[in-house]
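Below is the file protein.txt, which contains compact mmCIF, C-alpha atoms and all ligand atoms.
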# COMPACT_ATOMS: atom_id res chain seq x y z
CA MET V 1 89.61 -43.27 -11.13
CA THR V 2 92.47 -41.45 -12.81
CA THR V 3 92.97 -42.15 -16.49
CA ILE V 4 96.11 -41.75 -18.57
CA LEU V 5 96.59 -41.34 -22.29
CA TRP V 6 98.73 -44.17 -23.56
CA ASN V 7 99.32 -43.54 -27.23
CA ASP V 8 95.83 -42.71 -28.43
CA ARG V 9 93.94 -44.64 -25.74
CA LEU V 10 92.56 -43.47 -22.39
CA VAL V 11 93.48 -46.23 -19.93
CA LYS V 12 94.05 -46.88 -16.23
CA GLU V 13 97.69 -46.85 -15.10
CA GLU V 14 97.78 -50.60 -14.48
CA GLU V 15 96.91 -51.26 -18.11
CA ILE V 16 100.04 -49.51 -19.38
CA HIS V 17 102.99 -51.63 -20.52
CA LEU V 18 106.30 -49.90 -21.13
CA SER V 19 109.34 -51.66 -22.50
CA VAL V 20 112.63 -51.70 -20.54
CA GLU V 21 114.23 -50.92 -23.90
CA ASP V 22 112.18 -47.82 -24.46
CA ARG V 23 114.66 -45.22 -25.73
CA GLY V 24 113.12 -42.58 -23.49
CA TYR V 25 113.90 -44.73 -20.47
CA GLN V 26 117.42 -45.66 -21.58
CA PHE V 27 118.65 -42.53 -23.38
CA GLY V 28 116.17 -39.77 -22.58
CA ASP V 29 115.44 -40.00 -26.30
CA GLY V 30 112.18 -38.07 -26.34
CA ILE V 31 110.53 -34.75 -25.67
CA TYR V 32 107.82 -33.38 -23.40
CA GLU V 33 105.50 -30.48 -22.58
CA VAL V 34 103.56 -29.21 -19.57
CA ILE V 35 100.39 -27.16 -20.03
CA LYS V 36 98.66 -25.30 -17.23
CA ILE V 37 94.93 -25.87 -16.73
CA TYR V 38 92.80 -23.02 -15.38
CA SER V 39 89.06 -23.65 -14.91
CA SER V 40 89.38 -26.85 -17.00
CA LEU V 41 90.89 -24.91 -19.93
CA MET V 42 94.45 -25.18 -21.25
CA PHE V 43 96.44 -21.91 -21.21
CA THR V 44 98.44 -21.14 -24.40
CA VAL V 45 97.67 -24.62 -25.69
CA THR V 46 98.45 -23.84 -29.35
CA GLU V 47 101.90 -22.52 -28.45
CA HIS V 48 102.70 -25.60 -26.34
CA ILE V 49 101.51 -28.01 -29.03
CA ASP V 50 103.51 -26.11 -31.67
CA ARG V 51 106.65 -26.27 -29.51
CA PHE V 52 106.08 -30.02 -28.98
CA TYR V 53 106.18 -30.54 -32.76
CA GLU V 54 109.20 -28.23 -33.10
CA SER V 55 111.12 -30.19 -30.44
CA ALA V 56 110.14 -33.42 -32.22
CA ASP V 57 111.48 -32.06 -35.54
CA LYS V 58 114.75 -31.08 -33.88
CA ILE V 59 115.35 -34.67 -32.76
CA LYS V 60 113.92 -36.15 -35.99
CA LEU V 61 111.00 -37.81 -34.25
CA VAL V 62 107.73 -38.02 -36.14
CA ILE V 63 104.63 -37.57 -33.97
CA PRO V 64 101.96 -39.94 -35.30
CA TYR V 65 99.03 -37.54 -34.72
CA THR V 66 98.04 -34.22 -36.19
CA LYS V 67 98.13 -31.18 -33.90
CA ASP V 68 94.31 -31.06 -33.90
CA VAL V 69 94.01 -34.71 -32.89
CA LEU V 70 96.53 -34.19 -30.07
CA HIS V 71 94.64 -31.11 -28.90
CA LYS V 72 91.39 -33.09 -28.70
CA MET V 73 93.05 -36.04 -26.97
CA LEU V 74 94.38 -33.70 -24.26
CA TYR V 75 90.96 -32.10 -23.71
CA ASP V 76 89.33 -35.54 -23.48
CA LEU V 77 91.92 -36.50 -20.86
CA ILE V 78 91.26 -33.35 -18.81
CA GLU V 79 87.52 -33.91 -19.02
CA ASP V 80 87.79 -37.57 -18.10
CA ASN V 81 89.78 -36.67 -14.99
CA GLN V 82 87.56 -33.67 -14.16
CA ILE V 83 90.53 -31.37 -13.65
CA VAL V 84 89.60 -27.78 -12.80
CA ASP V 85 93.01 -26.34 -11.86
CA GLY V 86 96.29 -28.14 -12.40
CA HIS V 87 98.38 -29.20 -15.36
CA VAL V 88 98.71 -31.80 -18.06
CA TYR V 89 102.11 -33.44 -18.66
CA PHE V 90 102.81 -35.25 -21.93
CA GLN V 91 105.82 -36.84 -23.52
CA ILE V 92 106.75 -38.92 -26.52
CA THR V 93 109.76 -41.19 -26.88
CA ARG V 94 111.32 -42.75 -29.96
CA GLY V 95 109.95 -46.11 -28.79
CA SER V 96 111.53 -49.45 -28.03
CA SER V 97 114.45 -51.12 -29.79
CA PRO V 98 117.50 -53.28 -28.81
CA ARG V 99 119.82 -50.90 -26.98
CA ALA V 100 122.15 -49.03 -29.34
CA HIS V 101 122.90 -45.32 -29.41
CA ALA V 102 122.18 -44.62 -33.08
CA PHE V 103 118.56 -44.41 -34.24
CA PRO V 104 117.05 -47.88 -34.86
CA THR V 105 117.35 -48.88 -38.52
CA THR V 106 113.92 -50.49 -38.50
CA ALA V 107 110.97 -48.26 -37.69
CA THR V 108 109.96 -48.03 -34.02
CA GLU V 109 106.55 -47.02 -32.69
CA PRO V 110 106.88 -43.76 -30.73
CA VAL V 111 105.39 -44.08 -27.24
CA PHE V 112 103.14 -41.22 -26.12
CA ILE V 113 101.99 -40.73 -22.53
CA ALA V 114 99.88 -37.92 -21.04
CA TYR V 115 98.45 -37.48 -17.57
CA THR V 116 96.86 -34.74 -15.51
CA VAL V 117 97.72 -33.42 -12.05
CA ALA V 118 95.25 -31.35 -10.02
CA GLY V 119 96.81 -28.60 -7.96
CA GLU V 120 96.65 -25.10 -6.56
CA ARG V 121 98.68 -22.23 -7.98
CA PRO V 122 101.68 -21.27 -5.77
CA PHE V 123 100.15 -18.03 -4.44
CA GLU V 124 102.56 -17.77 -1.52
CA HIS V 125 105.52 -17.64 -3.92
CA PHE V 126 103.75 -15.06 -6.08
CA GLU V 127 103.17 -12.89 -2.99
CA GLN V 128 106.42 -13.22 -1.10
CA GLY V 129 108.91 -14.15 -3.79
CA VAL V 130 111.59 -16.85 -3.52
CA LYS V 131 115.33 -17.12 -2.98
CA ALA V 132 117.67 -18.42 -5.67
CA LYS V 133 121.21 -19.72 -5.92
CA PHE V 134 123.85 -19.23 -8.61
CA VAL V 135 124.75 -22.58 -10.19
CA GLU V 136 127.16 -23.14 -13.10
CA ASP V 137 125.19 -24.14 -16.21
CA ILE V 138 126.71 -27.51 -17.12
CA ARG V 139 124.01 -28.58 -19.58
CA TRP V 140 124.42 -29.46 -23.25
CA LEU V 141 124.25 -26.90 -26.06
CA ARG V 142 120.69 -27.63 -27.25
CA CYS V 143 118.72 -26.22 -24.34
CA ASP V 144 116.19 -24.95 -26.92
CA ILE V 145 114.89 -28.54 -27.24
CA LYS V 146 112.38 -29.55 -24.55
CA SER V 147 114.07 -32.91 -24.24
CA LEU V 148 113.59 -35.63 -21.63
CA ASN V 149 117.32 -35.36 -20.85
CA LEU V 150 116.98 -33.25 -17.72
CA LEU V 151 119.90 -34.44 -15.59
CA GLY V 152 121.71 -31.08 -15.76
CA ASN V 153 118.50 -29.31 -14.74
CA VAL V 154 117.84 -31.87 -11.99
CA LEU V 155 121.34 -31.37 -10.52
CA ALA V 156 120.99 -27.57 -10.67
CA LYS V 157 117.63 -27.62 -8.88
CA GLU V 158 118.93 -30.06 -6.28
CA THR V 159 121.98 -27.84 -5.59
CA ALA V 160 119.67 -24.84 -5.14
CA GLN V 161 117.26 -26.69 -2.90
CA GLN V 162 120.05 -28.16 -0.75
CA ALA V 163 121.06 -24.54 -0.12
CA GLY V 164 117.51 -23.69 0.98
CA CYS V 165 116.68 -21.92 -2.29
CA PHE V 166 113.73 -22.47 -4.61
CA GLU V 167 115.47 -22.04 -7.95
CA ALA V 168 118.93 -22.06 -9.53
CA VAL V 169 120.17 -19.02 -11.44
CA GLN V 170 122.31 -20.86 -13.99
CA HIS V 171 125.26 -19.14 -15.63
CA ARG V 172 127.78 -20.16 -18.31
CA GLY V 173 130.96 -18.44 -17.25
CA ASP V 174 129.59 -15.15 -15.96
CA ILE V 175 126.59 -15.02 -18.32
CA VAL V 176 123.22 -15.77 -16.73
CA THR V 177 121.23 -18.20 -18.90
CA GLU V 178 118.05 -19.50 -17.27
CA GLY V 179 116.67 -21.29 -14.23
CA SER V 180 116.65 -25.07 -13.82
CA SER V 181 113.02 -25.09 -14.98
CA SER V 182 112.29 -21.44 -15.70
CA ASN V 183 113.34 -18.36 -17.66
CA LEU V 184 114.96 -15.44 -15.82
CA TYR V 185 114.55 -11.67 -16.04
CA GLY V 186 116.14 -8.65 -14.37
CA ILE V 187 114.78 -5.10 -14.38
CA LYS V 188 117.19 -2.17 -14.11
CA ASP V 189 116.28 1.51 -14.39
CA GLY V 190 112.90 0.67 -15.95
CA VAL V 191 114.21 -1.76 -18.61
CA LEU V 192 113.67 -5.52 -18.59
CA TYR V 193 116.65 -7.71 -19.55
CA THR V 194 116.44 -11.40 -20.42
CA HIS V 195 118.69 -13.86 -22.25
CA PRO V 196 117.91 -13.97 -26.00
CA THR V 197 116.25 -17.13 -27.32
CA THR V 198 119.35 -18.94 -28.55
CA ASN V 199 120.30 -22.60 -28.22
CA LEU V 200 121.35 -21.88 -24.61
CA ILE V 201 117.84 -21.48 -23.20
CA LEU V 202 114.35 -22.85 -23.68
CA ASN V 203 112.08 -20.41 -25.51
CA GLY V 204 109.50 -20.46 -22.72
CA ILE V 205 105.84 -20.08 -23.58
CA THR V 206 105.37 -18.00 -20.42
CA ARG V 207 108.34 -15.88 -21.59
CA ARG V 208 106.48 -15.18 -24.84
CA VAL V 209 103.38 -14.12 -22.88
CA ILE V 210 105.56 -11.87 -20.69
CA MET V 211 107.15 -10.24 -23.77
CA SER V 212 103.67 -9.22 -24.95
CA LEU V 213 102.64 -8.10 -21.45
CA CYS V 214 105.70 -5.82 -21.33
CA VAL V 215 104.37 -4.03 -24.43
CA GLU V 216 100.95 -3.82 -22.77
CA ILE V 217 102.25 -2.24 -19.55
CA GLY V 218 104.90 -0.06 -21.24
CA LEU V 219 108.00 -1.82 -19.92
CA PRO V 220 110.85 -1.65 -22.47
CA VAL V 221 112.59 -4.99 -23.14
CA LYS V 222 116.17 -5.77 -24.11
CA GLU V 223 116.64 -9.41 -25.06
CA GLU V 224 120.30 -9.23 -24.07
CA SER V 225 122.28 -11.44 -21.77
CA PHE V 226 123.62 -10.06 -18.50
CA THR V 227 126.32 -11.14 -16.07
CA THR V 228 126.05 -12.53 -12.56
CA ASP V 229 127.39 -9.18 -11.23
CA GLN V 230 124.71 -7.33 -13.17
CA ALA V 231 122.09 -9.80 -11.93
CA VAL V 232 122.67 -8.97 -8.27
CA ALA V 233 122.65 -5.24 -9.07
CA MET V 234 119.19 -5.41 -10.71
CA ASP V 235 116.33 -3.43 -9.14
CA GLU V 236 114.01 -6.40 -9.60
CA PHE V 237 114.43 -10.02 -10.62
CA PHE V 238 111.91 -12.74 -11.41
CA MET V 239 111.49 -16.16 -12.98
CA SER V 240 108.75 -17.51 -15.24
CA SER V 241 107.40 -20.89 -16.21
CA THR V 242 104.13 -22.62 -16.88
CA SER V 243 103.71 -23.45 -13.18
CA ALA V 244 105.70 -20.58 -11.59
CA GLU V 245 103.96 -17.97 -13.82
CA VAL V 246 105.65 -14.71 -12.71
CA THR V 247 107.50 -15.50 -9.48
CA PRO V 248 109.63 -12.74 -7.91
CA ILE V 249 113.21 -13.64 -6.94
CA ILE V 250 114.10 -11.50 -3.92
CA GLN V 251 117.56 -12.85 -3.16
CA ILE V 252 120.37 -14.62 -5.07
CA ASP V 253 122.97 -16.26 -2.85
CA ASP V 254 123.55 -13.67 -0.12
CA TYR V 255 122.60 -10.71 -2.31
CA LYS V 256 119.23 -9.08 -1.74
CA ILE V 257 117.68 -7.85 -4.99
CA GLY V 258 116.46 -4.26 -4.71
CA LYS V 259 114.80 -3.89 -1.33
CA GLY V 260 114.58 -7.67 -0.92
CA THR V 261 110.86 -7.65 -1.69
CA PRO V 262 108.96 -8.09 -5.00
CA GLY V 263 109.35 -4.96 -7.13
CA GLU V 264 106.71 -2.71 -8.69
CA TRP V 265 107.21 -3.76 -12.32
CA THR V 266 107.06 -7.41 -11.26
CA ARG V 267 103.75 -6.70 -9.51
CA LYS V 268 102.41 -5.04 -12.67
CA LEU V 269 103.44 -8.05 -14.75
CA GLN V 270 101.78 -10.40 -12.28
CA ALA V 271 98.55 -8.38 -12.51
CA ALA V 272 98.69 -8.35 -16.33
CA PHE V 273 99.36 -12.12 -16.34
CA GLU V 274 96.35 -12.67 -14.09
CA ALA V 275 94.23 -10.65 -16.53
CA ARG V 276 95.36 -12.97 -19.38
CA ILE V 277 94.22 -15.98 -17.37
CA GLN V 278 90.88 -14.29 -16.75
CA GLN V 279 90.54 -13.66 -20.50
CA LEU V 280 90.90 -17.41 -21.07
CA VAL V 281 88.45 -18.50 -18.41
CA THR V 282 85.75 -15.89 -19.09
CA PHE V 283 85.93 -16.06 -22.88
C1 LIG R 301 114.83 -25.15 -18.62
C2 LIG R 301 113.53 -24.44 -18.71
N1 LIG R 301 113.52 -23.16 -19.11
C3 LIG R 301 112.37 -22.46 -19.19
C4 LIG R 301 111.15 -23.04 -18.85
C5 LIG R 301 109.88 -22.24 -18.96
O1 LIG R 301 109.14 -22.66 -20.07
P1 LIG R 301 107.56 -22.51 -20.11
O2 LIG R 301 107.26 -21.08 -19.82
O3 LIG R 301 107.21 -22.89 -21.49
O4 LIG R 301 107.00 -23.41 -19.07
C6 LIG R 301 111.12 -24.37 -18.44
C7 LIG R 301 109.85 -25.02 -18.10
O5 LIG R 301 109.77 -26.13 -17.69
C8 LIG R 301 112.34 -25.09 -18.38
O6 LIG R 301 112.35 -26.38 -17.99
Using structure tokens, write down the structure that the file contains.
Amino acid sequence: MTTILWNDRLVKEEEIHLSVEDRGYQFGDGIYEVIKIYSSLMFTVTEHIDRFYESADKIKLVIPYTKDVLHKMLYDLIEDNQIVDGHVYFQITRGSSPRAHAFPTTATEPVFIAYTVAGERPFEHFEQGVKAKFVEDIRWLRCDIKSLNLLGNVLAKETAQQAGCFEAVQHRGDIVTEGSSSNLYGIKDGVLYTHPTTNLILNGITRRVIMSLCVEIGLPVKEESFTTDQAVAMDEFFMSSTSAEVTPIIQIDDYKIGKGTPGEWTRKLQAAFEARIQQLVTF
């Protein structure tokens, strides 16, 4: 029987009571994280937990547990559900209060939820790559916060998928920012380009791993933005996220990237990423 963390308790789903006036439900007033589980271990768990607390700070929400306690709670959840490969999702909202936009004047109890999902890694995408679609980035100006407000991202992904594509390549004006749920990278003449970590993108944990893998494999990096025209002229293009890892993008709209197949540097990064996972599971 699947169990869920509801605040600091492991319970069955039917035991959970959520208020209709929960601010996460009404305003998206909360934050979340997703951590990948390989061989029952969480990948880059410290980085994800740190980012969870950073997002909380940015919206002035106080998480009522220490990082160590949260870490242990997540491992207990994974163990209880006997997850080998999959992910753990967790979120916290500002809690319940009579509906009003401003923060409640009397203290609310934040509501924390975490649950696990078992699942295979998307090997077919890793192998063959995916198609993407340019979509105007209409989101707010605090994309650095991993907030529950995902409507802009949802609409971007839906637009891409309606067009038969896996991911959106979002752009503000002609500047490429990030995917609907991923960071984006282009490689041109042996240099990797990716949008700098400003307020316009999420500072992805997988992105941070990739930055260190680039050093490892000798691929120079320029954290500089590039245009949509430059994007389609890249030799290689790929996306990254906790679940997509390093997924090649072989076509954007009608433009084939490079030869229209995953490129050599992308393959090297995938191999280096795999080695990092192996380091975790064989440690
Ligand atoms: C908008 C956005 N950008 C980037 C990412 C990649 O972040 P991470 O590598 O931490 O999963 C995500 C992940 O969900 C995302 O939603």
How close does each residue of chain V get to ligand LIG 301 (chain R), giving the shortest atom pair and distance in Å to one decimal for every residue with an atom at most 9 Å away, counting all atoms listed in the file, sorted by chain and residue number, as a tab-separated table?
residue	atom	partner	partner_atom	distance
V:Glu33	CA	R:LIG301	O5	7.8
V:Val34	CA	R:LIG301	O4	6.8
V:Ile35	CA	R:LIG301	O4	7.7
V:Lys36	CA	R:LIG301	O4	8.7
V:Glu47	CA	R:LIG301	O3	8.8
V:His48	CA	R:LIG301	O3	7.2
V:Arg51	CA	R:LIG301	O3	8.7
V:Cys143	CA	R:LIG301	C1	7.0
V:Asp144	CA	R:LIG301	C1	8.4
V:Lys146	CA	R:LIG301	O6	7.3
V:Leu150	CA	R:LIG301	O6	8.3
V:Asn153	CA	R:LIG301	C1	6.8
V:Glu178	CA	R:LIG301	N1	6.1
V:Gly179	CA	R:LIG301	N1	6.1
V:Ser180	CA	R:LIG301	C1	5.1
V:Ser181	CA	R:LIG301	O6	3.3
V:Ser182	CA	R:LIG301	C3	3.6
V:Asn183	CA	R:LIG301	C3	4.5
V:Leu184	CA	R:LIG301	C3	8.2
V:Ile201	CA	R:LIG301	N1	6.2
V:Leu202	CA	R:LIG301	N1	4.7
V:Asn203	CA	R:LIG301	O1	6.6
V:Gly204	CA	R:LIG301	O1	3.5
V:Ile205	CA	R:LIG301	O3	3.8
V:Thr206	CA	R:LIG301	O2	3.7
V:Arg207	CA	R:LIG301	O2	5.6
V:Arg208	CA	R:LIG301	O2	7.8
V:Val209	CA	R:LIG301	O2	8.5
V:Met239	CA	R:LIG301	C5	8.7
V:Ser240	CA	R:LIG301	O2	6.0
V:Ser241	CA	R:LIG301	O2	3.6
V:Thr242	CA	R:LIG301	O4	3.7
V:Ser243	CA	R:LIG301	O4	6.7
V:Ala244	CA	R:LIG301	O4	8.1
V:Glu245	CA	R:LIG301	O2	7.5
Go through segment 136-235 of chain V and flag each residue having an atom no more than 12 Å from segment 78-94 of chain V; for those, report the closest pair of atoms plus their distance in Å to one decimal, using all atoms listed in the file, ordered by chain and rising number, as a Markdown table.
| residue | atom | partner | partner_atom | distance |
| --- | --- | --- | --- | --- |
| V:Lys146 | CA | V:Gln91 | CA | 9.9 |
| V:Ser147 | CA | V:Gln91 | CA | 9.2 |
| V:Leu148 | CA | V:Gln91 | CA | 8.1 |
| V:Asn149 | CA | V:Thr93 | CA | 11.3 |
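Using all atoms listed in the file, the nearest neighbour of Tyr255 of chain V within the list V:Leu5, V:Ile210, V:Ala132, V:Leu200 is V:Ala132.
Picture a line from atom CA of Val176 of chain V to atom CA of Thr227 of chain V; it runs 5.6 Å.
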Exercise for review: Figure out the distance between atom CA of Trp6 of chain V and atom CA of Phe112 of chain V, please, to one decimal in Å.
Suggested key: 5.9 Å
Practice item. Point out the residue among V:Ile138, V:Ile252, V:Leu70, V:Ala114 with the least atom-to-atom distance to Val232 of chain V, counting only C-alpha atoms. Key: V:Ile252
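If all atoms listed in the file are the atoms counted, then among V:Ile16, V:Phe126, V:Arg172, V:Lys222 the closest residue to Phe273 of chain V is V:Phe126.
For the set V:Glu109, V:Glu264, V:Glu120, V:Asp189, the residue with the smallest atom-to-atom gap to Phe238 of chain V is V:Glu264, counting all atoms listed in the file.
Minimum distance to Thr247 of chain V across V:Glu158, V:Glu274, V:Glu127, V:Glu216 (counting only C-alpha atoms) occurs at V:Glu127.
Shortest separation to Gly186 of chain V among V:Ala160, V:Met234, V:Val154, V:Met211 occurs at residue V:Met234, atoms counted being only C-alpha atoms.
A straight line drawn from atom CA of Glu167 of chain V to atom CA of Leu155 of chain V is 11.3 Å long.
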Check your understanding: Do you know which residues are at most 7 Å from Gly95 of chain V counting all atoms listed in the file, after dropping those on the same chain fewer than 3 positions away, and could you put them as JSON, numbers by chain?
Key -> {"V": [22, 23, 108, 109, 110, 111]}
Point to revise | Neighbour list for Ser225 of chain V as a PyMOL selection string, cut-off 9 Å, all atoms listed in the file, skip fewer than 5 positions in-chain | key: chain V and resi 175-177+193-196
To box segment 63-71 of chain V, take all atoms listed in the file, fit an axis-aligned box, add 8 Å on each side, and give centre and edge lengths in Å to one decimal, as lines of an AutoDock Vina configuration file.
center_x = 99.3
center_y = -35.5
center_z = -32.5
size_x = 26.6
size_y = 24.9
size_z = 23.3
